[in-house]
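Have a look at the structure below before the remarks.
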Amino acid sequence: MNFNTKTIHGGQKHEETTGSVMPPIFQTSTYAQSSPGTHKGYEYSRAANPTRTALENNFAAIENGTHGFAFSSGLSAIDCVLKMLNPGDEVIAGDDLYGGTYRMFTRMFEKYGLKFQFVDMTHVENVSKALTNDTKLVWLETPTNPLMKVADIEEISKVVKAKGSNILVAVDNTFATPYLQQPLSLGADIVMHSATKYLGGHSDLVMGALMVKDEKLAEELHFIQFAGGAVAGPMDSFLALRGIKTLHVRMQRHCENGKAIAEFLVNHNKVKEVYYPGFDNHPSHKVAKKQMKDFGGMVSFRLKDESKEAAFRFLENTKVFTLAESLGGVESLVNHPVTMTHASIPEPERLKIGITDSLIRLSVGIEDIDDLLSDLEQALNQ
Ligand SMILES: *Cc1c(COP(=O)(O)O)cnc(C)c1O
């Protein structure tokens, strides 16, 4: 099956007892057994639930994996991966990770003896230099949030595997989605998603996903998911599955609108700089072009007036763009990274990577492009 068919049919079969085309919401915690230990494959919904199974099979299909796992949030999916490691193990991660990922690594897992190095992943050499005999995991996010830096998944996987075939490469694929790039096919071992964002696509749930293509890895992750317990519920699983059915159609429009908005902003006299990997002069454009089918719907920009007041004036005056955290829904959102999504990153770190008061991040939705452009124009002129 090709991708646009997998989003709808991948891993799916009609429900057996009734023929229901859509997977029922199996709102149950437990399952009847005919004799102790004799059951139909389901015992207790923390271990498995049929609605979640339908979603997990679809997760695997859309990322070219063999196994998928649905979690109660994106962060709990990351937590599950980190729990495969032991005290003393080292992790190499990107230096402008999602704020919550950075917070989890430094404030939760350092306490348990894991060691982290944060490097600029746009240069593969930074990863090869950081590898040691204790490295067990390389965690990358591409494109990054909010500066849209791009890491070369294929090249990074190559240098990591040359150092040690047991070192895992995991990719947070939330921003790109499998419509744009499929890390398992580029050499990564694990794909992670905040399904809260583009996979769900309608800003109506919080969920995480992991996808793998290795049986042993799948067993380990399933054990941690089951033993740790951070599973997605049946209702949310149903919603995510419904969302994914239109992923390819939504992404196509997100990309078209994103491109039009990036071009509008780059020519605007109130705007200093635009971060969009589709531009020829974006530092990661070549890698983005090689690795991604298109450039997505996330666009960040910096105002010429660098004061916080100017940024707030813009942010308080958009009408179609809603000022809110999160991204990836059908509706357009605008965000101020310094005060909202990236507030958990210490100021010196934030300034070092360029997250300043004048930086604004857009999650471009799939509304009519003319309405989006005129909304930005009026807000920039306030
Ligand atoms: C939102 C997000 C997460 C965290 O996911 P939650 O569903 O909010 O727990 C992780 N990585 C990226 C890139 C995100 O955007």
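Residue names in the structure tokens use chain letters A, B, ... in the order shown, residue numbers from 1 in each chain, and ligand numbers from 1 in the order shown.
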If we count only C-alpha atoms, what is near Ile366 of chain A at a cut-off of 8 Å, once residues fewer than 3 positions away on the same chain are taken out, given as an mmCIF file with N, CA, C and O atoms, in the first residue's frame?
```cif
data_model
loop_
_atom_site.group_PDB
_atom_site.id
_atom_site.type_symbol
_atom_site.label_atom_id
_atom_site.label_comp_id
_atom_site.auth_asym_id
_atom_site.auth_seq_id
_atom_site.Cartn_x
_atom_site.Cartn_y
_atom_site.Cartn_z
ATOM 1 N N ARG A 250 -4.588 16.711 4.902
ATOM 2 C CA ARG A 250 -4.308 17.881 5.737
ATOM 3 C C ARG A 250 -2.877 18.368 5.520
ATOM 4 O O ARG A 250 -2.627 19.562 5.368
ATOM 5 N N ARG A 253 -2.241 20.500 2.480
ATOM 6 C CA ARG A 253 -2.700 21.881 2.603
ATOM 7 C C ARG A 253 -1.860 22.661 3.616
ATOM 8 O O ARG A 253 -1.572 23.846 3.412
ATOM 9 N N HIS A 254 -1.454 21.986 4.723
ATOM 10 C CA HIS A 254 -0.558 22.660 5.688
ATOM 11 C C HIS A 254 0.700 23.145 4.957
ATOM 12 O O HIS A 254 1.176 24.254 5.197
ATOM 13 N N ASN A 257 -0.147 26.157 2.519
ATOM 14 C CA ASN A 257 -0.389 27.397 3.268
ATOM 15 C C ASN A 257 0.890 27.873 3.961
ATOM 16 O O ASN A 257 1.154 29.074 4.027
ATOM 17 N N VAL A 330 -6.057 21.518 12.534
ATOM 18 C CA VAL A 330 -6.596 22.112 11.313
ATOM 19 C C VAL A 330 -6.671 23.637 11.416
ATOM 20 O O VAL A 330 -6.643 24.335 10.412
ATOM 21 N N GLU A 331 -6.766 24.157 12.653
ATOM 22 C CA GLU A 331 -6.876 25.603 12.847
ATOM 23 C C GLU A 331 -5.491 26.211 13.047
ATOM 24 O O GLU A 331 -4.611 25.603 13.620
ATOM 25 N N SER A 332 -5.322 27.452 12.579
ATOM 26 C CA SER A 332 -4.034 28.120 12.718
ATOM 27 C C SER A 332 -3.842 28.620 14.139
ATOM 28 O O SER A 332 -4.766 29.174 14.742
ATOM 29 N N ILE A 369 -6.291 30.455 2.505
ATOM 30 C CA ILE A 369 -5.024 31.179 2.620
ATOM 31 C C ILE A 369 -5.213 32.695 2.634
ATOM 32 O O ILE A 369 -4.503 33.411 3.350
#
```
Residues at most 10 Å from ligand 1, using only C-alpha atoms and all ligand atoms? Could they come as a ChimeraX atom specification? /A:71-79,97-102,140-146,171-176,192-198,205-209,325-328,341
Quick one: residues within 8 Å of Arg361 of chain A, only C-alpha atoms counted, chain neighbours fewer than 5 positions away excluded, as number ranges by chain? A: 146, 298-301, 334-337
Can you list, as number ranges by chain, every protein, DNA or RNA residue that comes within 10 Å of Tyr179 of chain A when you count only C-alpha atoms, leaving out same-chain residues fewer than 3 positions away? A: 3-4, 7, 62-63, 176, 182, 199, 247-252, 292-294, 296
Restricting the output to N, CA, C and O atoms, write the selected residues as a PDB file, in the first residue's frame.
```
ATOM      1  N   PHE A   3       1.398   5.393   0.871  1.00  0.00           N
ATOM      2  CA  PHE A   3       1.130   6.126   2.112  1.00  0.00           C
ATOM      3  C   PHE A   3      -0.311   6.627   2.224  1.00  0.00           C
ATOM      4  O   PHE A   3      -0.954   6.464   3.257  1.00  0.00           O
ATOM      5  N   ASN A   4      -0.828   7.223   1.153  1.00  0.00           N
ATOM      6  CA  ASN A   4      -2.168   7.821   1.215  1.00  0.00           C
ATOM      7  C   ASN A   4      -3.275   6.781   1.404  1.00  0.00           C
ATOM      8  O   ASN A   4      -4.408   7.122   1.744  1.00  0.00           O
ATOM      9  N   THR A   7      -2.839   5.537   5.488  1.00  0.00           N
ATOM     10  CA  THR A   7      -3.429   6.370   6.545  1.00  0.00           C
ATOM     11  C   THR A   7      -4.856   5.905   6.835  1.00  0.00           C
ATOM     12  O   THR A   7      -5.300   5.928   7.973  1.00  0.00           O
ATOM     13  N   ILE A  62       1.854   3.468   9.103  1.00  0.00           N
ATOM     14  CA  ILE A  62       2.185   4.765   8.486  1.00  0.00           C
ATOM     15  C   ILE A  62       3.655   5.122   8.633  1.00  0.00           C
ATOM     16  O   ILE A  62       4.175   5.951   7.897  1.00  0.00           O
ATOM     17  N   GLU A  63       4.371   4.510   9.588  1.00  0.00           N
ATOM     18  CA  GLU A  63       5.808   4.800   9.731  1.00  0.00           C
ATOM     19  C   GLU A  63       6.675   3.663   9.183  1.00  0.00           C
ATOM     20  O   GLU A  63       7.864   3.596   9.484  1.00  0.00           O
ATOM     21  N   ALA A 176       7.344  16.776  11.345  1.00  0.00           N
ATOM     22  CA  ALA A 176       7.330  16.392   9.928  1.00  0.00           C
ATOM     23  C   ALA A 176       6.169  15.463   9.607  1.00  0.00           C
ATOM     24  O   ALA A 176       5.554  15.566   8.543  1.00  0.00           O
ATOM     25  N   GLN A 182      10.103   9.532   6.775  1.00  0.00           N
ATOM     26  CA  GLN A 182       9.883   8.267   7.472  1.00  0.00           C
ATOM     27  C   GLN A 182      11.204   7.757   8.034  1.00  0.00           C
ATOM     28  O   GLN A 182      11.938   7.024   7.378  1.00  0.00           O
ATOM     29  N   LEU A 199      -0.792  14.099  13.931  1.00  0.00           N
ATOM     30  CA  LEU A 199      -1.447  12.801  13.722  1.00  0.00           C
ATOM     31  C   LEU A 199      -2.910  12.895  14.129  1.00  0.00           C
ATOM     32  O   LEU A 199      -3.801  12.561  13.354  1.00  0.00           O
ATOM     33  N   LEU A 247      -4.660  12.504   7.342  1.00  0.00           N
ATOM     34  CA  LEU A 247      -3.324  13.098   7.539  1.00  0.00           C
ATOM     35  C   LEU A 247      -2.719  13.604   6.235  1.00  0.00           C
ATOM     36  O   LEU A 247      -2.228  14.734   6.162  1.00  0.00           O
ATOM     37  N   HIS A 248      -2.766  12.775   5.199  1.00  0.00           N
ATOM     38  CA  HIS A 248      -2.117  13.152   3.933  1.00  0.00           C
ATOM     39  C   HIS A 248      -2.783  14.363   3.292  1.00  0.00           C
ATOM     40  O   HIS A 248      -2.128  15.212   2.719  1.00  0.00           O
ATOM     41  N   VAL A 249      -4.121  14.434   3.409  1.00  0.00           N
ATOM     42  CA  VAL A 249      -4.838  15.562   2.798  1.00  0.00           C
ATOM     43  C   VAL A 249      -4.559  16.848   3.582  1.00  0.00           C
ATOM     44  O   VAL A 249      -4.311  17.900   3.012  1.00  0.00           O
ATOM     45  N   ARG A 250      -4.588  16.711   4.902  1.00  0.00           N
ATOM     46  CA  ARG A 250      -4.308  17.881   5.737  1.00  0.00           C
ATOM     47  C   ARG A 250      -2.877  18.368   5.520  1.00  0.00           C
ATOM     48  O   ARG A 250      -2.627  19.562   5.368  1.00  0.00           O
ATOM     49  N   MET A 251      -1.931  17.438   5.513  1.00  0.00           N
ATOM     50  CA  MET A 251      -0.517  17.836   5.392  1.00  0.00           C
ATOM     51  C   MET A 251      -0.247  18.558   4.080  1.00  0.00           C
ATOM     52  O   MET A 251       0.526  19.511   4.037  1.00  0.00           O
ATOM     53  N   GLN A 252      -0.883  18.098   3.036  1.00  0.00           N
ATOM     54  CA  GLN A 252      -0.695  18.748   1.738  1.00  0.00           C
ATOM     55  C   GLN A 252      -1.094  20.229   1.833  1.00  0.00           C
ATOM     56  O   GLN A 252      -0.363  21.112   1.398  1.00  0.00           O
ATOM     57  N   MET A 292      12.919  15.329   3.152  1.00  0.00           N
ATOM     58  CA  MET A 292      11.486  15.583   3.317  1.00  0.00           C
ATOM     59  C   MET A 292      10.798  15.759   1.963  1.00  0.00           C
ATOM     60  O   MET A 292      11.371  16.314   1.040  1.00  0.00           O
ATOM     61  N   LYS A 293       9.531  15.323   1.926  1.00  0.00           N
ATOM     62  CA  LYS A 293       8.747  15.428   0.701  1.00  0.00           C
ATOM     63  C   LYS A 293       8.347  16.876   0.421  1.00  0.00           C
ATOM     64  O   LYS A 293       8.163  17.290  -0.716  1.00  0.00           O
ATOM     65  N   ASP A 294       8.145  17.648   1.488  1.00  0.00           N
ATOM     66  CA  ASP A 294       7.774  19.061   1.389  1.00  0.00           C
ATOM     67  C   ASP A 294       8.202  19.678   2.720  1.00  0.00           C
ATOM     68  O   ASP A 294       8.892  19.002   3.492  1.00  0.00           O
ATOM     69  N   GLY A 296       6.322  21.376   5.296  1.00  0.00           N
ATOM     70  CA  GLY A 296       5.477  21.426   6.474  1.00  0.00           C
ATOM     71  C   GLY A 296       4.785  22.760   6.700  1.00  0.00           C
ATOM     72  O   GLY A 296       4.938  23.706   5.919  1.00  0.00           O
TER      73      GLY A 296
END
```
Out of A:Ala262, A:Ala54, A:Leu333, A:Leu131, which residue has the shortest atom-to-atom distance to Tyr276 of chain A when counting only C-alpha atoms? A:Ala262
All alpha helix (DSSP H) residues (DSSP, backbone) inside segment 193-308 of chain A, as a ChimeraX atom specification: /A:215-228,234-244,247-266,285-291,308
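Remark: for Thr106 of chain A, the closest of the candidate residues A:Leu265, A:Val91, A:Ala170, A:Val127 is A:Val91 (distances computed over only C-alpha atoms).
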Could you check how far atom CA of Trp139 of chain A sits from atom CA of Val169 of chain A, in Å to one decimal? 6.2 Å
Just to confirm, what's the straight-line distance from atom CA of Gly297 of chain A to atom CA of Asn281 of chain A in Å (one decimal)?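 Here the two named atoms are 18.1 Å from each other.
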Can you list, as a PyMOL selection string, every protein, DNA or RNA residue that comes within 7 Å of Glu306 of chain A when you count only C-alpha atoms, leaving out same-chain residues fewer than 2 positions away? chain A and resi 303-304+308+357-358
Counting only C-alpha atoms, figure out which residue out of A:Leu168, A:Leu221, A:Leu137, A:Ile153 gets nearest to Leu186 of chain A.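 Of all the options, A:Ile153 lies closest to Leu186 of chain A.
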Rounded to one decimal place, report the atom CA of Ala130 of chain A-atom CA of Gly278 of chain A distance in Å.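 Going from atom CA of Ala130 of chain A over to atom CA of Gly278 of chain A covers 29.1 Å.
If only C-alpha atoms are the atoms counted, then among A:Asn126, A:Gln382, A:Asn269, A:Asn64 the closest residue to Asp189 of chain A is A:Asn64.
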What's the 12 Å shell around Gly354 of chain A, counting only C-alpha atoms, without same-chain residues fewer than 5 positions away, as a PyMOL selection string? chain A and resi 95-96+145-149+273+275+300-302+337-338+342+345+347-349+359-360
Surrounding residues of Asn317 of chain A excluding itself and chain neighbours under 6 positions, 10 Å, only C-alpha atoms, as a PyMOL selection string: chain A and resi 323+375-376+378-382
Would you mind exporting all heavy atoms of the selected residues as a PDB file, in the first residue's frame?
```pdb
ATOM      1  N   LEU A 323      -4.120  32.511  19.655  1.00  0.00           N
ATOM      2  CA  LEU A 323      -2.937  32.503  20.513  1.00  0.00           C
ATOM      3  C   LEU A 323      -3.061  31.328  21.481  1.00  0.00           C
ATOM      4  O   LEU A 323      -3.894  31.346  22.386  1.00  0.00           O
ATOM      5  CB  LEU A 323      -2.849  33.834  21.278  1.00  0.00           C
ATOM      6  CG  LEU A 323      -1.705  33.983  22.274  1.00  0.00           C
ATOM      7  CD1 LEU A 323      -0.342  33.866  21.594  1.00  0.00           C
ATOM      8  CD2 LEU A 323      -1.811  35.316  23.018  1.00  0.00           C
ATOM      9  N   ASP A 375      -5.198  38.271   7.921  1.00  0.00           N
ATOM     10  CA  ASP A 375      -5.118  38.326   9.388  1.00  0.00           C
ATOM     11  C   ASP A 375      -3.705  38.712   9.834  1.00  0.00           C
ATOM     12  O   ASP A 375      -3.533  39.580  10.705  1.00  0.00           O
ATOM     13  CB  ASP A 375      -5.512  36.969   9.973  1.00  0.00           C
ATOM     14  CG  ASP A 375      -5.673  37.035  11.489  1.00  0.00           C
ATOM     15  OD1 ASP A 375      -6.128  38.088  11.992  1.00  0.00           O
ATOM     16  OD2 ASP A 375      -5.340  36.046  12.165  1.00  0.00           O
ATOM     17  N   LEU A 376      -2.708  38.109   9.226  1.00  0.00           N
ATOM     18  CA  LEU A 376      -1.324  38.446   9.597  1.00  0.00           C
ATOM     19  C   LEU A 376      -1.028  39.907   9.248  1.00  0.00           C
ATOM     20  O   LEU A 376      -0.425  40.630  10.035  1.00  0.00           O
ATOM     21  CB  LEU A 376      -0.335  37.516   8.878  1.00  0.00           C
ATOM     22  CG  LEU A 376      -0.395  36.035   9.288  1.00  0.00           C
ATOM     23  CD1 LEU A 376       0.577  35.218   8.451  1.00  0.00           C
ATOM     24  CD2 LEU A 376      -0.087  35.868  10.779  1.00  0.00           C
ATOM     25  N   GLN A 378      -3.076  42.507   9.046  1.00  0.00           N
ATOM     26  CA  GLN A 378      -3.671  43.488   9.975  1.00  0.00           C
ATOM     27  C   GLN A 378      -2.986  43.442  11.344  1.00  0.00           C
ATOM     28  O   GLN A 378      -2.779  44.482  11.957  1.00  0.00           O
ATOM     29  CB  GLN A 378      -5.206  43.342  10.037  1.00  0.00           C
ATOM     30  CG  GLN A 378      -5.785  42.060  10.629  1.00  0.00           C
ATOM     31  CD  GLN A 378      -5.759  42.000  12.156  1.00  0.00           C
ATOM     32  OE1 GLN A 378      -5.690  43.028  12.832  1.00  0.00           O
ATOM     33  NE2 GLN A 378      -5.776  40.786  12.714  1.00  0.00           N
ATOM     34  N   ALA A 379      -2.599  42.247  11.804  1.00  0.00           N
ATOM     35  CA  ALA A 379      -1.955  42.156  13.126  1.00  0.00           C
ATOM     36  C   ALA A 379      -0.549  42.770  13.109  1.00  0.00           C
ATOM     37  O   ALA A 379      -0.116  43.373  14.093  1.00  0.00           O
ATOM     38  CB  ALA A 379      -1.900  40.707  13.590  1.00  0.00           C
ATOM     39  N   LEU A 380       0.146  42.651  11.976  1.00  0.00           N
ATOM     40  CA  LEU A 380       1.484  43.239  11.879  1.00  0.00           C
ATOM     41  C   LEU A 380       1.403  44.764  11.846  1.00  0.00           C
ATOM     42  O   LEU A 380       2.350  45.451  12.197  1.00  0.00           O
ATOM     43  CB  LEU A 380       2.192  42.745  10.599  1.00  0.00           C
ATOM     44  CG  LEU A 380       2.757  41.324  10.655  1.00  0.00           C
ATOM     45  CD1 LEU A 380       3.109  40.814   9.259  1.00  0.00           C
ATOM     46  CD2 LEU A 380       3.985  41.258  11.559  1.00  0.00           C
ATOM     47  N   ASN A 381       0.240  45.309  11.431  1.00  0.00           N
ATOM     48  CA  ASN A 381       0.094  46.763  11.329  1.00  0.00           C
ATOM     49  C   ASN A 381      -0.531  47.404  12.564  1.00  0.00           C
ATOM     50  O   ASN A 381      -0.856  48.581  12.546  1.00  0.00           O
ATOM     51  CB  ASN A 381      -0.725  47.110  10.076  1.00  0.00           C
ATOM     52  CG  ASN A 381       0.107  46.858   8.822  1.00  0.00           C
ATOM     53  OD1 ASN A 381       1.292  47.169   8.792  1.00  0.00           O
ATOM     54  ND2 ASN A 381      -0.502  46.253   7.820  1.00  0.00           N
ATOM     55  N   GLN A 382      -0.736  46.642  13.617  1.00  0.00           N
ATOM     56  CA  GLN A 382      -1.347  47.200  14.838  1.00  0.00           C
ATOM     57  C   GLN A 382      -0.339  48.108  15.558  1.00  0.00           C
ATOM     58  O   GLN A 382       0.833  47.843  15.555  1.00  0.00           O
ATOM     59  CB  GLN A 382      -1.776  46.074  15.783  1.00  0.00           C
ATOM     60  CG  GLN A 382      -2.917  45.243  15.240  1.00  0.00           C
ATOM     61  CD  GLN A 382      -4.241  45.951  15.182  1.00  0.00           C
ATOM     62  OE1 GLN A 382      -4.543  46.762  16.059  1.00  0.00           O
ATOM     63  NE2 GLN A 382      -5.030  45.682  14.147  1.00  0.00           N
TER      64      GLN A 382
END
```
Option closest in space to Lys216 of chain A, from A:His67, A:His39, A:Lys259, A:Lys6 [counting only C-alpha atoms]: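 Residue with the minimum atom-to-atom distance to Lys216 of chain A: A:His67.
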DSSP says strand (DSSP E) for which residues of segment 138-364 of chain A? Put them as an MDAnalysis selection string? chainID A and resid 138:141 168:172 190:194 208:212 271:275 298:303 322:323 333:335 359:363
For the selection you just gave me, I'd like the residues written to a file as a short mmCIF file (atom, residue, chain, number, x, y, z; two decimals), in the first residue's frame, keeping C-alpha atoms.
```
data_model
loop_
_atom_site.label_atom_id
_atom_site.label_comp_id
_atom_site.auth_asym_id
_atom_site.auth_seq_id
_atom_site.Cartn_x
_atom_site.Cartn_y
_atom_site.Cartn_z
CA VAL A 138 20.87 9.30 20.19
CA TRP A 139 17.72 11.39 20.39
CA LEU A 140 16.93 13.72 17.54
CA GLU A 141 14.12 16.02 16.64
CA LEU A 168 19.68 3.28 19.41
CA VAL A 169 18.68 6.18 17.18
CA ALA A 170 15.31 7.69 18.04
CA VAL A 171 13.59 10.45 16.08
CA ASP A 172 10.84 12.74 17.35
CA ILE A 190 12.52 4.28 17.00
CA VAL A 191 10.08 6.94 15.85
CA MET A 192 8.23 8.99 18.42
CA HIS A 193 5.27 11.33 17.97
CA SER A 194 3.29 13.68 20.04
CA GLY A 208 1.98 9.84 22.26
CA ALA A 209 3.21 7.22 19.80
CA LEU A 210 6.22 4.98 19.33
CA MET A 211 6.90 2.96 16.19
CA VAL A 212 9.66 0.37 15.66
CA VAL A 271 9.62 41.24 9.67
CA LYS A 272 13.34 40.76 10.24
CA GLU A 273 13.84 37.06 9.62
CA VAL A 274 11.78 33.99 8.72
CA TYR A 275 12.63 30.40 9.71
CA MET A 298 5.43 25.38 10.84
CA VAL A 299 6.88 28.84 10.26
CA SER A 300 8.71 30.99 12.80
CA PHE A 301 9.73 34.60 12.37
CA ARG A 302 11.35 37.50 14.14
CA LEU A 303 9.90 41.01 14.15
CA THR A 322 -5.54 31.70 17.88
CA LEU A 323 -2.94 32.50 20.51
CA LEU A 333 -2.28 28.88 15.99
CA VAL A 334 0.25 31.50 17.01
CA ASN A 335 2.65 31.11 19.92
CA LEU A 359 10.43 35.38 18.00
CA ILE A 360 6.95 34.19 17.00
CA ARG A 361 5.94 30.69 15.94
CA LEU A 362 3.03 29.91 13.64
CA SER A 363 1.31 26.58 13.24
#
```
